[in-house]
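Below is work-v1.cif, which holds mmCIF, C-alpha atoms.
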```
data_run
#
loop_
_atom_site.group_PDB
_atom_site.id
_atom_site.type_symbol
_atom_site.label_atom_id
_atom_site.label_comp_id
_atom_site.auth_asym_id
_atom_site.auth_seq_id
_atom_site.Cartn_x
_atom_site.Cartn_y
_atom_site.Cartn_z
ATOM 1 C CA MET A 1 93.239 11.904 8.352
ATOM 2 C CA ALA A 2 89.789 11.325 9.869
ATOM 3 C CA LYS A 3 87.990 12.375 6.693
ATOM 4 C CA ASP A 4 90.128 9.877 4.746
ATOM 5 C CA SER A 5 89.270 7.057 7.117
ATOM 6 C CA LYS A 6 87.880 4.032 5.369
ATOM 7 C CA ILE A 7 84.201 3.364 6.079
ATOM 8 C CA LEU A 8 82.557 0.032 5.236
ATOM 9 C CA LEU A 9 78.882 0.506 4.336
ATOM 10 C CA VAL A 10 76.932 -2.735 4.815
ATOM 11 C CA ASP A 11 73.315 -2.836 3.646
ATOM 12 C CA ASP A 12 71.487 -5.120 1.230
ATOM 13 C CA SER A 13 69.719 -2.027 -0.099
ATOM 14 C CA ALA A 14 71.818 -0.321 -2.771
ATOM 15 C CA PHE A 15 69.532 2.667 -2.295
ATOM 16 C CA MET A 16 70.426 2.898 1.397
ATOM 17 C CA ARG A 17 74.163 2.528 0.703
ATOM 18 C CA ASN A 18 73.827 5.435 -1.729
ATOM 19 C CA VAL A 19 71.945 7.542 0.808
ATOM 20 C CA LEU A 20 74.606 6.944 3.454
ATOM 21 C CA LYS A 21 77.428 7.648 1.018
ATOM 22 C CA ASN A 22 75.819 10.932 -0.067
ATOM 23 C CA ILE A 23 75.294 12.056 3.530
ATOM 24 C CA LEU A 24 78.871 11.278 4.477
ATOM 25 C CA GLN A 25 80.334 12.761 1.314
ATOM 26 C CA GLY A 26 78.436 15.935 2.149
ATOM 27 C CA ALA A 27 80.238 15.922 5.513
ATOM 28 C CA GLY A 28 83.622 15.521 3.824
ATOM 29 C CA TYR A 29 84.210 11.768 4.080
ATOM 30 C CA SER A 30 85.499 10.193 0.902
ATOM 31 C CA ASN A 31 86.796 6.674 1.440
ATOM 32 C CA PHE A 32 84.094 4.013 1.172
ATOM 33 C CA VAL A 33 83.876 0.273 0.708
ATOM 34 C CA GLU A 34 80.492 -1.412 0.270
ATOM 35 C CA ALA A 35 78.988 -4.804 1.056
ATOM 36 C CA GLY A 36 75.493 -6.043 0.168
ATOM 37 C CA ASP A 37 75.177 -8.922 2.624
ATOM 38 C CA GLY A 38 76.689 -10.266 5.819
ATOM 39 C CA ASN A 39 79.186 -12.637 4.203
ATOM 40 C CA GLU A 40 80.551 -9.895 1.994
ATOM 41 C CA ALA A 41 80.734 -7.629 5.047
ATOM 42 C CA VAL A 42 82.964 -10.066 6.938
ATOM 43 C CA GLU A 43 85.170 -10.589 3.861
ATOM 44 C CA LYS A 44 85.517 -6.862 3.215
ATOM 45 C CA PHE A 45 86.237 -6.167 6.874
ATOM 46 C CA LYS A 46 89.119 -8.638 6.774
ATOM 47 C CA SER A 47 90.513 -7.545 3.409
ATOM 48 C CA GLU A 48 89.968 -3.780 3.664
ATOM 49 C CA SER A 49 90.492 -3.106 7.398
ATOM 50 C CA PRO A 50 88.042 -0.200 7.587
ATOM 51 C CA GLU A 51 88.161 2.209 10.528
ATOM 52 C CA LEU A 52 84.384 2.084 10.856
ATOM 53 C CA VAL A 53 81.597 -0.275 9.800
ATOM 54 C CA LEU A 54 78.033 0.976 9.315
ATOM 55 C CA LEU A 55 75.982 -2.202 9.534
ATOM 56 C CA ASP A 56 72.405 -3.122 8.645
ATOM 57 C CA ILE A 57 70.625 -5.877 10.596
ATOM 58 C CA ILE A 58 68.113 -7.411 8.166
ATOM 59 C CA MET A 59 70.030 -8.822 5.223
ATOM 60 C CA PRO A 60 69.891 -11.993 3.161
ATOM 61 C CA VAL A 61 72.515 -14.743 3.576
ATOM 62 C CA LYS A 62 73.848 -13.466 6.909
ATOM 63 C CA GLY A 63 72.215 -10.834 9.110
ATOM 64 C CA GLY A 64 73.863 -8.016 11.011
ATOM 65 C CA VAL A 65 73.741 -9.719 14.405
ATOM 66 C CA GLU A 66 75.666 -12.694 12.966
ATOM 67 C CA VAL A 67 78.191 -10.289 11.450
ATOM 68 C CA LEU A 68 78.658 -8.705 14.871
ATOM 69 C CA GLU A 69 79.313 -12.160 16.338
ATOM 70 C CA GLU A 70 82.213 -12.531 13.889
ATOM 71 C CA ILE A 71 83.764 -9.071 13.839
ATOM 72 C CA GLY A 72 82.198 -7.196 16.767
ATOM 73 C CA LYS A 73 85.246 -7.590 18.999
ATOM 74 C CA ASP A 74 87.686 -6.286 16.405
ATOM 75 C CA ALA A 75 85.636 -3.699 14.512
ATOM 76 C CA LYS A 76 84.159 -0.336 15.348
ATOM 77 C CA VAL A 77 80.550 -0.900 14.321
ATOM 78 C CA VAL A 78 77.581 1.435 14.283
ATOM 79 C CA VAL A 79 74.349 -0.353 13.411
ATOM 80 C CA ILE A 80 71.934 1.483 11.106
ATOM 81 C CA SER A 81 68.735 -0.539 10.914
ATOM 82 C CA ALA A 82 64.980 -0.210 10.647
ATOM 83 C CA VAL A 83 64.695 -2.650 13.561
ATOM 84 C CA GLY A 84 63.917 -0.518 16.587
ATOM 85 C CA GLN A 85 63.071 -3.237 19.078
ATOM 86 C CA ASP A 86 64.888 -2.950 22.393
ATOM 87 C CA ALA A 87 65.943 -6.613 22.450
ATOM 88 C CA VAL A 88 67.773 -6.302 19.121
ATOM 89 C CA ILE A 89 69.409 -3.002 20.090
ATOM 90 C CA GLU A 90 70.640 -4.532 23.354
ATOM 91 C CA GLU A 91 71.844 -7.710 21.623
ATOM 92 C CA SER A 92 73.737 -5.671 19.028
ATOM 93 C CA LYS A 93 75.442 -3.610 21.716
ATOM 94 C CA SER A 94 76.295 -6.709 23.730
ATOM 95 C CA LYS A 95 77.978 -8.129 20.617
ATOM 96 C CA GLY A 96 80.150 -5.084 20.076
ATOM 97 C CA ALA A 97 78.118 -2.360 18.355
ATOM 98 C CA ILE A 98 79.195 1.022 19.702
ATOM 99 C CA GLY A 99 76.196 2.872 18.299
ATOM 100 C CA TYR A 100 72.709 2.138 16.969
ATOM 101 C CA ILE A 101 70.653 4.355 14.660
ATOM 102 C CA VAL A 102 67.073 3.449 13.789
ATOM 103 C CA LYS A 103 65.842 4.108 10.229
ATOM 104 C CA PRO A 104 64.415 6.409 9.059
ATOM 105 C CA PHE A 105 67.141 8.665 10.458
ATOM 106 C CA ASP A 106 68.098 12.316 10.310
ATOM 107 C CA ASN A 107 71.274 12.995 8.330
ATOM 108 C CA ASP A 108 72.779 14.746 11.356
ATOM 109 C CA GLN A 109 72.411 11.592 13.445
ATOM 110 C CA VAL A 110 74.564 9.634 11.005
ATOM 111 C CA ILE A 111 77.219 12.333 10.783
ATOM 112 C CA ALA A 112 77.326 12.717 14.577
ATOM 113 C CA GLU A 113 77.826 8.970 15.136
ATOM 114 C CA VAL A 114 80.548 8.776 12.496
ATOM 115 C CA LYS A 115 82.332 11.836 13.935
ATOM 116 C CA LYS A 116 82.151 10.305 17.384
ATOM 117 C CA VAL A 117 84.095 7.271 16.164
ATOM 118 C CA ILE A 118 86.553 8.585 13.579
ATOM 119 C CA GLY A 119 86.463 12.329 14.040
ATOM 120 C CA MET B 120 39.516 -17.793 16.404
ATOM 121 C CA GLU B 121 37.992 -14.786 18.173
ATOM 122 C CA PHE B 122 39.979 -11.600 18.607
ATOM 123 C CA SER B 123 38.913 -8.635 20.698
ATOM 124 C CA LYS B 124 38.009 -5.781 18.381
ATOM 125 C CA GLU B 125 39.261 -3.321 20.960
ATOM 126 C CA ILE B 126 42.700 -4.934 21.118
ATOM 127 C CA LEU B 127 43.026 -5.185 17.342
ATOM 128 C CA GLU B 128 42.111 -1.500 17.007
ATOM 129 C CA LYS B 129 44.624 -0.553 19.699
ATOM 130 C CA VAL B 130 47.429 -2.378 17.862
ATOM 131 C CA SER B 131 46.259 -0.976 14.528
ATOM 132 C CA ARG B 132 46.305 2.623 15.761
ATOM 133 C CA ALA B 133 49.724 2.310 17.386
ATOM 134 C CA GLY B 134 51.171 0.651 14.273
ATOM 135 C CA ALA B 135 49.605 3.154 11.874
ATOM 136 C CA ASP B 136 51.019 6.082 13.871
ATOM 137 C CA LYS B 137 54.545 4.704 13.569
ATOM 138 C CA VAL B 138 54.096 3.740 9.914
ATOM 139 C CA SER B 139 52.807 7.180 8.917
ATOM 140 C CA ALA B 140 55.591 8.936 10.835
ATOM 141 C CA ALA B 141 58.164 6.814 8.997
ATOM 142 C CA PHE B 142 56.528 7.404 5.604
ATOM 143 C CA SER B 143 56.432 11.133 6.302
ATOM 144 C CA LYS B 144 60.121 11.192 7.199
ATOM 145 C CA LEU B 145 61.044 9.232 4.073
ATOM 146 C CA SER B 146 58.933 11.318 1.672
ATOM 147 C CA LYS B 147 59.688 14.560 3.556
ATOM 148 C CA GLN B 148 55.996 15.389 3.255
ATOM 149 C CA THR B 149 52.968 15.571 5.487
ATOM 150 C CA VAL B 150 51.270 12.184 5.417
ATOM 151 C CA ASN B 151 47.668 11.455 6.325
ATOM 152 C CA VAL B 152 46.399 8.062 7.412
ATOM 153 C CA SER B 153 43.103 7.635 5.554
ATOM 154 C CA VAL B 154 42.522 4.059 6.680
ATOM 155 C CA SER B 155 43.804 2.222 9.732
ATOM 156 C CA GLU B 156 41.981 -1.018 10.305
ATOM 157 C CA ALA B 157 42.374 -4.554 11.531
ATOM 158 C CA GLU B 158 40.233 -7.483 10.618
ATOM 159 C CA VAL B 159 40.131 -11.232 10.669
ATOM 160 C CA VAL B 160 40.049 -12.448 7.076
ATOM 161 C CA SER B 161 39.585 -15.912 5.633
ATOM 162 C CA LEU B 162 42.768 -17.002 3.858
ATOM 163 C CA ALA B 163 40.603 -17.926 0.898
ATOM 164 C CA ASP B 164 39.866 -14.195 0.474
ATOM 165 C CA ILE B 165 43.317 -12.834 1.308
ATOM 166 C CA GLY B 166 44.390 -12.229 -2.289
ATOM 167 C CA GLN B 167 41.284 -10.211 -3.088
ATOM 168 C CA ARG B 168 41.574 -8.246 0.142
ATOM 169 C CA ILE B 169 45.154 -7.143 -0.485
ATOM 170 C CA GLN B 170 45.108 -6.907 -4.255
ATOM 171 C CA PRO B 171 46.014 -3.390 -5.424
ATOM 172 C CA GLN B 172 43.177 -1.284 -6.815
ATOM 173 C CA GLU B 173 45.244 0.140 -9.664
ATOM 174 C CA GLY B 174 45.903 -1.933 -12.761
ATOM 175 C CA GLN B 175 49.642 -1.343 -12.854
ATOM 176 C CA SER B 176 51.040 -1.470 -9.375
ATOM 177 C CA VAL B 177 54.337 -1.877 -7.617
ATOM 178 C CA ILE B 178 54.352 -4.488 -4.857
ATOM 179 C CA ALA B 179 57.077 -5.049 -2.281
ATOM 180 C CA TYR B 180 56.792 -8.076 -0.030
ATOM 181 C CA THR B 181 58.541 -9.651 2.911
ATOM 182 C CA GLN B 182 57.728 -12.335 5.421
ATOM 183 C CA MET B 183 58.165 -12.741 9.140
ATOM 184 C CA ILE B 184 61.161 -14.794 10.253
ATOM 185 C CA GLU B 185 60.742 -14.570 14.029
ATOM 186 C CA GLY B 186 57.948 -14.160 16.562
ATOM 187 C CA VAL B 187 54.879 -15.162 14.584
ATOM 188 C CA LYS B 188 54.184 -16.378 11.059
ATOM 189 C CA GLY B 189 53.205 -13.543 8.793
ATOM 190 C CA ALA B 190 53.980 -11.238 5.909
ATOM 191 C CA SER B 191 54.171 -7.551 5.116
ATOM 192 C CA VAL B 192 53.195 -5.923 1.846
ATOM 193 C CA LEU B 193 53.467 -2.433 0.365
ATOM 194 C CA THR B 194 51.485 -1.550 -2.751
ATOM 195 C CA MET B 195 51.527 1.652 -4.774
ATOM 196 C CA GLY B 196 50.234 2.552 -8.198
ATOM 197 C CA ARG B 197 53.101 2.643 -10.680
ATOM 198 C CA GLU B 198 52.782 6.363 -11.424
ATOM 199 C CA GLN B 199 52.566 7.170 -7.732
ATOM 200 C CA ALA B 200 55.641 5.058 -7.024
ATOM 201 C CA LEU B 201 57.575 7.123 -9.568
ATOM 202 C CA ILE B 202 56.632 10.348 -7.770
ATOM 203 C CA PHE B 203 57.464 8.798 -4.401
ATOM 204 C CA ILE B 204 60.925 7.888 -5.704
ATOM 205 C CA ASP B 205 61.461 11.510 -6.715
ATOM 206 C CA LEU B 206 60.363 12.724 -3.285
ATOM 207 C CA ILE B 207 62.664 10.441 -1.317
ATOM 208 C CA ASN B 208 65.535 11.386 -3.604
ATOM 209 C CA GLU B 209 64.648 15.084 -3.231
ATOM 210 C CA ARG B 210 64.127 15.470 -6.971
ATOM 211 C CA GLN B 211 61.441 17.358 -8.843
ATOM 212 C CA PRO B 212 58.360 15.076 -9.080
ATOM 213 C CA GLY B 213 58.097 13.829 -12.651
ATOM 214 C CA THR B 214 61.854 13.331 -13.021
ATOM 215 C CA THR B 215 61.710 9.540 -12.787
ATOM 216 C CA GLY B 216 60.000 7.905 -15.772
ATOM 217 C CA ILE B 217 61.042 4.276 -15.370
ATOM 218 C CA LEU B 218 61.723 2.309 -12.216
ATOM 219 C CA MET B 219 65.389 1.319 -12.274
ATOM 220 C CA ASP B 220 67.112 -1.174 -9.955
ATOM 221 C CA LEU B 221 68.049 1.569 -7.491
ATOM 222 C CA ASP B 222 64.424 2.768 -7.417
ATOM 223 C CA ARG B 223 63.157 -0.747 -6.730
ATOM 224 C CA SER B 224 65.762 -0.962 -3.979
ATOM 225 C CA ALA B 225 64.270 2.246 -2.509
ATOM 226 C CA ILE B 226 60.764 0.775 -2.528
ATOM 227 C CA LYS B 227 61.949 -2.433 -0.867
ATOM 228 C CA GLU B 228 63.767 -0.358 1.748
ATOM 229 C CA THR B 229 60.587 1.643 2.314
ATOM 230 C CA LEU B 230 58.711 -1.576 3.055
ATOM 231 C CA ASN B 231 61.526 -2.637 5.380
ATOM 232 C CA ILE B 232 61.231 0.633 7.301
ATOM 233 C CA LEU B 233 57.404 0.689 7.425
ATOM 234 C CA SER B 234 57.194 -2.951 8.522
ATOM 235 C CA ASN B 235 59.741 -2.489 11.258
ATOM 236 C CA SER B 236 58.041 0.696 12.431
ATOM 237 C CA PHE B 237 54.813 -1.272 12.875
ATOM 238 C CA LEU B 238 56.609 -4.209 14.509
ATOM 239 C CA THR B 239 58.477 -1.931 16.913
ATOM 240 C CA ALA B 240 55.149 -0.486 18.058
ATOM 241 C CA LEU B 241 53.772 -3.992 18.515
ATOM 242 C CA SER B 242 56.911 -5.163 20.279
ATOM 243 C CA ASP B 243 56.759 -2.185 22.645
ATOM 244 C CA MET B 244 53.187 -3.185 23.507
ATOM 245 C CA THR B 245 53.796 -6.897 23.944
ATOM 246 C CA GLY B 246 57.491 -7.428 24.667
ATOM 247 C CA SER B 247 57.667 -9.914 21.774
ATOM 248 C CA ASN B 248 60.600 -10.160 19.371
ATOM 249 C CA LEU B 249 59.177 -9.768 15.875
ATOM 250 C CA MET B 250 61.488 -9.921 12.877
ATOM 251 C CA ILE B 251 60.966 -9.752 9.139
ATOM 252 C CA GLY B 252 63.277 -10.997 6.407
ATOM 253 C CA ALA B 253 64.756 -9.030 3.514
ATOM 254 C CA PRO B 254 62.043 -7.573 1.216
ATOM 255 C CA HIS B 255 61.702 -8.252 -2.497
ATOM 256 C CA MET B 256 59.412 -7.171 -5.326
ATOM 257 C CA LEU B 257 56.507 -9.418 -6.219
ATOM 258 C CA PRO B 258 54.135 -9.694 -9.182
ATOM 259 C CA VAL B 259 50.480 -9.364 -8.179
ATOM 260 C CA THR B 260 49.804 -12.914 -9.377
ATOM 261 C CA SER B 261 52.142 -14.305 -6.702
ATOM 262 C CA LEU B 262 50.762 -12.312 -3.794
ATOM 263 C CA GLU B 263 48.125 -14.714 -2.474
ATOM 264 C CA LYS B 264 50.328 -17.822 -2.670
ATOM 265 C CA SER B 265 53.277 -15.990 -1.086
ATOM 266 C CA ILE B 266 51.151 -14.945 1.886
ATOM 267 C CA GLN B 267 49.773 -18.451 2.299
ATOM 268 C CA ARG B 268 53.322 -19.824 2.194
ATOM 269 C CA ALA B 269 54.444 -17.287 4.807
ATOM 270 C CA LEU B 270 51.549 -18.253 7.073
ATOM 271 C CA GLN B 271 52.137 -21.936 6.300
ATOM 272 C CA GLN B 272 48.435 -22.464 5.807
ATOM 273 C CA THR B 273 45.953 -22.217 2.947
ATOM 274 C CA THR B 274 42.779 -22.410 5.013
ATOM 275 C CA GLY B 275 41.582 -20.791 8.214
ATOM 276 C CA ASP B 276 41.893 -17.129 9.142
ATOM 277 C CA ALA B 277 44.548 -14.447 9.066
ATOM 278 C CA ILE B 278 44.684 -11.144 10.938
ATOM 279 C CA VAL B 279 45.222 -8.247 8.544
ATOM 280 C CA PHE B 280 46.364 -4.782 9.623
ATOM 281 C CA LYS B 281 45.883 -2.263 6.847
ATOM 282 C CA THR B 282 47.223 1.286 6.785
ATOM 283 C CA VAL B 283 46.495 3.571 3.855
ATOM 284 C CA LEU B 284 48.902 6.504 3.619
ATOM 285 C CA GLU B 285 48.271 9.611 1.565
ATOM 286 C CA VAL B 286 50.718 12.311 0.558
ATOM 287 C CA ALA B 287 48.029 14.822 -0.247
ATOM 288 C CA GLY B 288 50.097 17.348 -2.162
ATOM 289 C CA PHE B 289 51.235 14.727 -4.657
ATOM 290 C CA ARG B 290 48.225 12.406 -4.858
ATOM 291 C CA ILE B 291 50.301 9.495 -3.635
ATOM 292 C CA THR B 292 48.424 6.675 -1.942
ATOM 293 C CA ALA B 293 50.361 3.760 -0.499
ATOM 294 C CA GLU B 294 48.780 0.727 1.149
ATOM 295 C CA HIS B 295 50.711 -1.117 3.808
ATOM 296 C CA TYR B 296 49.558 -4.492 5.127
ATOM 297 C CA ILE B 297 50.818 -6.674 7.910
ATOM 298 C CA VAL B 298 49.284 -10.141 7.888
ATOM 299 C CA PHE B 299 49.656 -12.551 10.777
ATOM 300 C CA SER B 300 48.601 -16.142 11.263
ATOM 301 C CA GLU B 301 46.266 -17.066 14.114
ATOM 302 C CA GLU B 302 49.427 -17.461 16.264
ATOM 303 C CA PHE B 303 49.047 -13.709 16.671
ATOM 304 C CA ALA B 304 46.831 -14.587 19.631
ATOM 305 C CA ASN B 305 49.997 -15.633 21.479
ATOM 306 C CA VAL B 306 51.604 -12.257 20.758
ATOM 307 C CA ILE B 307 48.724 -10.136 22.012
ATOM 308 C CA ALA B 308 48.249 -12.350 25.045
ATOM 309 C CA ASN B 309 51.155 -10.317 26.480
ATOM 310 C CA LEU B 310 49.653 -6.952 25.608
ATOM 311 C CA LYS B 311 50.681 -4.339 28.197
#
```

Rewritten as structure tokens:
Amino acid sequence: MAKDSKILLVDDSAFMRNVLKNILQGAGYSNFVEAGDGNEAVEKFKSESPELVLLDIIMPVKGGVEVLEEIGKDAKVVVISAVGQDAVIEESKSKGAIGYIVKPFDNDQVIAEVKKVIG
Amino acid sequence: MEFSKEILEKVSRAGADKVSAAFSKLSKQTVNVSVSEAEVVSLADIGQRIQPQEGQSVIAYTQMIEGVKGASVLTMGREQALIFIDLINERQPGTTGILMDLDRSAIKETLNILSNSFLTALSDMTGSNLMIGAPHMLPVTSLEKSIQRALQQTTGDAIVFKTVLEVAGFRITAEHYIVFSEEFANVIANLK
């Protein structure tokens, strides 16, 4: 069941979405939905009801912090962002993020965070 | 505006350390910093100062959206960018012959990561919140005007932090620049 859990990958970088998908596929996860900006992320969260959202912070149209303001109470969100500043990490957590990984990351970090949330 | 050379060098060193560590992790190679410098540059000369040395180059660009006006730029020779793409995708160097959309996305993401690595170092030193926007690719002809737009000035001085990264085994040289307006004085006023 856990490996079939739907994961929403939100990043404006198609390259980064691919990297994350490959890492998670290598760990046995197979059910992905993707969004390339914050608006699409909110729409996909509502329409697809993913078990977990992996969310970037710096994106065009709507950033990750704004996405957290909209879905942070209802979604299980792990932020994966290049922004490593304490204020942003704290703000993200205060708005509902349950984990925060700073890019560039180790593959094991991503897998460990995902396992922590959906097994 | 006068800036203490000692302070600029301190910021430059801390930023370059973070930038090179990030570039090394992305390329999965040992990376040397061959240049790490900071200088105050007239905006009239900014294009020349940042212009890539190689004829055909790949340029990724983004601008600051919070903390201080500024921009961040990554330049690589086209051939070197192709090898870099192979390295970050763990492919045999020489596999990529043409930069596709996904490859350009990788270069923009690299700039995102390098810029934020530098800004995190600076934020740790000053307590300032410093945010960039989403990166995009830029033709060399637009570089100077884009930086001037980001700084919202066409005259006066800018503070330029330059880090040159070398992946020795693959002859890759990447130049990373962070350019700030004179408002940078307010940021380093809080230097710890």

Task: Distance query Arg168 of chain B at most 10 Å, all atoms listed in the file, self and fewer than 6 positions along chain excluded, as a ChimeraX atom specification - done: /B:160-162,263,279,281

Saved selection, atoms kept: C-alpha atoms, as a PDB file, in the frame of the given file:
```pdb
ATOM      1  CA  VAL B 160      40.049 -12.448   7.076  1.00  0.00           C
ATOM      2  CA  SER B 161      39.585 -15.912   5.633  1.00  0.00           C
ATOM      3  CA  LEU B 162      42.768 -17.002   3.858  1.00  0.00           C
ATOM      4  CA  GLU B 263      48.125 -14.714  -2.474  1.00  0.00           C
ATOM      5  CA  VAL B 279      45.222  -8.247   8.544  1.00  0.00           C
ATOM      6  CA  LYS B 281      45.883  -2.263   6.847  1.00  0.00           C
TER       7      LYS B 281
END
```

Open item on the list: Please compute the atom CA of Lys147 of chain B-atom CA of Ala97 of chain A distance, one decimal, in Å.
Closed with: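 A separation of 29.1 Å between them.
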
Open item on the list: Considering all atoms listed in the file, can you say which of B:Asn309, B:Thr260, B:Gln199, B:Ser300 comes closest to Ile217 of chain B?
Closed with: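 With all atoms listed in the file as the atom set, the closest residue is B:Gln199.
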
Pull the closest atom pair for each residue of chain A that gets at most 9 Å from chain B, along with the distance in Å to one decimal, counting all atoms listed in the file, ordering rows by chain and then ascending residue number, as CSV.
```
residue,atom,partner,partner_atom,distance
A:Asp12,CA,B:Ala253,CA,8.1
A:Ser13,CA,B:Ser224,CA,5.6
A:Ala14,CA,B:Ser224,CA,6.2
A:Phe15,CA,B:Ala225,CA,5.3
A:Met16,CA,B:Ala225,CA,7.3
A:Val19,CA,B:Asn208,CA,8.7
A:Ile58,CA,B:Ala253,CA,6.0
A:Met59,CA,B:Ala253,CA,5.5
A:Pro60,CA,B:Ala253,CA,5.9
A:Ser81,CA,B:Ile232,CA,8.4
A:Ala82,CA,B:Ile232,CA,5.1
A:Val83,CA,B:Asn235,CA,5.5
A:Gly84,CA,B:Thr239,CA,5.6
A:Gln85,CA,B:Thr239,CA,5.2
A:Asp86,CA,B:Asp243,CA,8.2
A:Ala87,CA,B:Asn248,CA,7.1
A:Val88,CA,B:Asn248,CA,8.1
A:Lys103,CA,B:Ile232,CA,6.5
A:Pro104,CA,B:Ala141,CA,6.3
A:Phe105,CA,B:Lys144,CA,8.1
A:Asp106,CA,B:Lys144,CA,8.6
```

Task: atom CA of Val159 of chain B to atom CA of Lys264 of chain B, straight-line distance in Å - done: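 Result for atom CA of Lys264 of chain B versus atom CA of Val159 of chain B: 18.0 Å, one decimal.
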
Open item on the list: List as a ChimeraX atom specification the residues having at least one atom at most 8 Å from position (78.9, -4.4, 19.4) as given in the file, counting only C-alpha atoms.
Closed with: /A:68,72-73,76-78,92-99

Open item on the list: Can you measure atom CA of Thr194 of chain B to atom CA of Ala163 of chain B for me? One decimal in Å is fine.
Closed with: 20.0 Å

Open item on the list: as number ranges by chain, please: the residues near Phe45 of chain A (cut-off 12 Å, only C-alpha atoms, same-chain neighbours under 6 positions excluded).
Closed with: A: 6-10, 32-35, 38-39, 51-55, 67-68, 70-72, 74-77

Please enclose the listed atoms of segment 91-96 of chain A in an axis-aligned box, pad each side by 4 Å, and write out the centre and the three edge lengths in Å, rounded to one decimal, as lines of an AutoDock Vina configuration file.
```
center_x = 76.0
center_y = -5.9
center_z = 21.4
size_x = 16.3
size_y = 12.5
size_z = 12.7
```

- [ ] Take the PyMOL selection byres ((chain B and resi 278) around 12), apply it to the structure above, and return the hits as a VMD selection string.
- [x] chain B and resid 120 to 124 127 to 128 130 to 131 156 to 162 164 to 165 168 187 to 191 266 270 275 to 277 279 to 281 296 to 304 307

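Around Gly288 of chain B, within 12 Å and counting all atoms listed in the file, the residues found are Ser146, Lys147, Gln148, Thr149, Val150, Asn151, Gln199, Ile202, Phe203, Leu206, Pro212, Glu285, Ile291 and Thr292 of chain B, once anything fewer than 3 positions away on its own chain is removed.
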
Open item on the list: So that I can check the surroundings of Glu294 of chain B, please list as a list in words every protein, DNA and RNA residue that reaches within 6 Å of it, counting all atoms listed in the file and ignoring chain neighbours fewer than 3 positions away.
Closed with: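 My list of contacting residues is Leu193, Thr194, Thr282 and Val283 of chain B.
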
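The shortest atom-to-atom distance to Ala269 of chain B, with only C-alpha atoms taken into account, belongs to B:Thr181 out of B:Thr214, B:Gln167, B:Ser153, B:Thr181.
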
Task: For Arg17 of chain A, the nearest of the candidates A:Val61, A:Ala2, A:Val102, A:Ile80, counting only C-alpha atoms - done: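 Among the listed residues, A:Ile80 lies closest to Arg17 of chain A.
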
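Distance annotation: of A:Glu69, A:Ala41, A:Asp56, A:Ile118, the residue with the minimal separation from Tyr100 of chain A is A:Asp56; atom set is only C-alpha atoms.
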
TODO: Compare B:Val154, B:Ala133, B:Ile178, B:Met183 by their minimum atom-to-atom distance to Leu262 of chain B, counting all atoms listed in the file, and give me the closest one.
DONE: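 Once distances to Leu262 of chain B are computed over all atoms listed in the file, the minimum belongs to B:Ile178.
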
Open item on the list: Can you tell me which residues surround Asn31 of chain A at a distance of at most 10 Å, considering all atoms listed in the file, apart from same-chain residues fewer than 6 positions away, and format the answer as a list in words?
Closed with: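 Final neighbour list, sorted by chain and number: Lys3, Asp4, Ser5, Lys6, Ile7, Leu8, Lys21, Leu24, Gln25 and Pro50 of chain A.
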
File output, segment 245-255 of chain B (N, CA and C atoms) as an mmCIF file, in the first residue's frame:
```cif
data_model
loop_
_atom_site.group_PDB
_atom_site.id
_atom_site.type_symbol
_atom_site.label_atom_id
_atom_site.label_comp_id
_atom_site.auth_asym_id
_atom_site.auth_seq_id
_atom_site.Cartn_x
_atom_site.Cartn_y
_atom_site.Cartn_z
ATOM 1 N N THR B 245 24.620 37.445 8.357
ATOM 2 C CA THR B 245 24.009 38.762 8.569
ATOM 3 C C THR B 245 22.612 38.704 9.185
ATOM 4 N N GLY B 246 21.987 37.531 9.138
ATOM 5 C CA GLY B 246 20.615 37.418 9.631
ATOM 6 C C GLY B 246 19.587 37.980 8.663
ATOM 7 N N SER B 247 20.001 38.358 7.461
ATOM 8 C CA SER B 247 19.066 38.935 6.487
ATOM 9 C C SER B 247 18.335 37.835 5.724
ATOM 10 N N ASN B 248 17.095 38.129 5.328
ATOM 11 C CA ASN B 248 16.375 37.227 4.419
ATOM 12 C C ASN B 248 16.698 37.641 2.998
ATOM 13 N N LEU B 249 17.231 36.727 2.220
ATOM 14 C CA LEU B 249 17.686 37.053 0.861
ATOM 15 C C LEU B 249 17.114 36.019 -0.093
ATOM 16 N N MET B 250 16.226 36.448 -0.972
ATOM 17 C CA MET B 250 15.554 35.490 -1.852
ATOM 18 C C MET B 250 15.751 35.853 -3.316
ATOM 19 N N ILE B 251 15.947 34.808 -4.128
ATOM 20 C CA ILE B 251 15.976 34.998 -5.574
ATOM 21 C C ILE B 251 14.675 34.487 -6.184
ATOM 22 N N GLY B 252 14.434 34.893 -7.429
ATOM 23 C CA GLY B 252 13.276 34.396 -8.164
ATOM 24 C C GLY B 252 13.653 33.146 -8.946
ATOM 25 N N ALA B 253 12.728 32.697 -9.792
ATOM 26 C CA ALA B 253 12.974 31.500 -10.602
ATOM 27 C C ALA B 253 13.951 31.837 -11.735
ATOM 28 N N PRO B 254 14.989 31.014 -11.947
ATOM 29 C CA PRO B 254 15.977 31.296 -12.990
ATOM 30 C C PRO B 254 15.450 31.048 -14.404
ATOM 31 N N HIS B 255 16.067 31.711 -15.365
ATOM 32 C CA HIS B 255 15.797 31.427 -16.773
ATOM 33 C C HIS B 255 17.080 31.590 -17.582
#
```
